[in-house]
Amino acid sequence: MADYTIKNLKEMDDAAAEAGLSDSLEARFGGDDLDSERSGVSYQVVKAGKPQPFAHRHNEMEEIYVVLSGGGRVKLDDEVQEVGPLDAIRIAPSVVRAFEAGDEDLILLAFSPRAKGDAEIVQDFSWD
């Protein structure tokens, strides 16, 4: 194995489509495709006018999201913030988070350590 890997994020499997969530989300996770042992990256597109289909939090993983294009909102626990191009959002593990796109697709890159099984889907999440 080489000491580097180059892959196009758009050529990686769309986990959202595989889970039946493609009406609101595109999600491509690069850890395995990049042969990464410790670092994770994902390319996510929240479709225009749609929220992510679920919220989540982590036990140990801190995440950083970078808005590549579009705009919308992020809900962090009970606080809602507007986000736009090149905003970087650091989120501590225990914070419940979800994004919602505005009039255009909200395109995000997310960075975190790799920790399979660390995410928890939040069932009682609401934008209200």
# chains A, B, ... in the order shown; residues from 1 in each chain; ligands from 1
$ residues_around --residues "segment 39-45 of chain A" --least-positions-apart "6" --cutoff "8 Å" --atoms "only C-alpha atoms" --output "NGL selection string"
:A and (9-10 or 25-31 or 105-114)
$ select_by_dssp --residues "chain A" --states "helix (DSSP H, G or I)" --output "JSON, numbers by chain"
{"A": [9, 10, 11, 15, 16, 17, 18]}
$ select_by_dssp --residues "segment 9-128 of chain A" --states "strand (DSSP E)" --output "PyMOL selection string"
chain A and resi 25-29+39-46+55-58+63-69+72-76+79-83+88-91+97-101+106-113+119-122
$ residues_around --residues "Ala48 of chain A" --least-positions-apart "4" --cutoff "6 Å" --atoms "only C-alpha atoms" --output "list in words"
Ala101, Gly102, Asp103, Glu104 and Asp105 of chain A
$ residues_around --residues "Ala2 of chain A" --least-positions-apart "2" --cutoff "12 Å" --atoms "only C-alpha atoms" --output "ChimeraX atom specification"
/A:4-6,34-36
$ write_last_selection --atoms "C-alpha atoms" --output "PDB file, in the first residue's frame"
ATOM      1  CA  TYR A   4      -0.879   8.297   0.107  1.00  0.00           C
ATOM      2  CA  THR A   5      -4.279   7.915  -1.551  1.00  0.00           C
ATOM      3  CA  ILE A   6      -6.036  10.167  -4.045  1.00  0.00           C
ATOM      4  CA  LEU A  34      -8.873   6.743   1.259  1.00  0.00           C
ATOM      5  CA  ASP A  35      -7.365   3.850   3.275  1.00  0.00           C
ATOM      6  CA  SER A  36      -7.392   6.156   6.289  1.00  0.00           C
TER       7      SER A  36
END
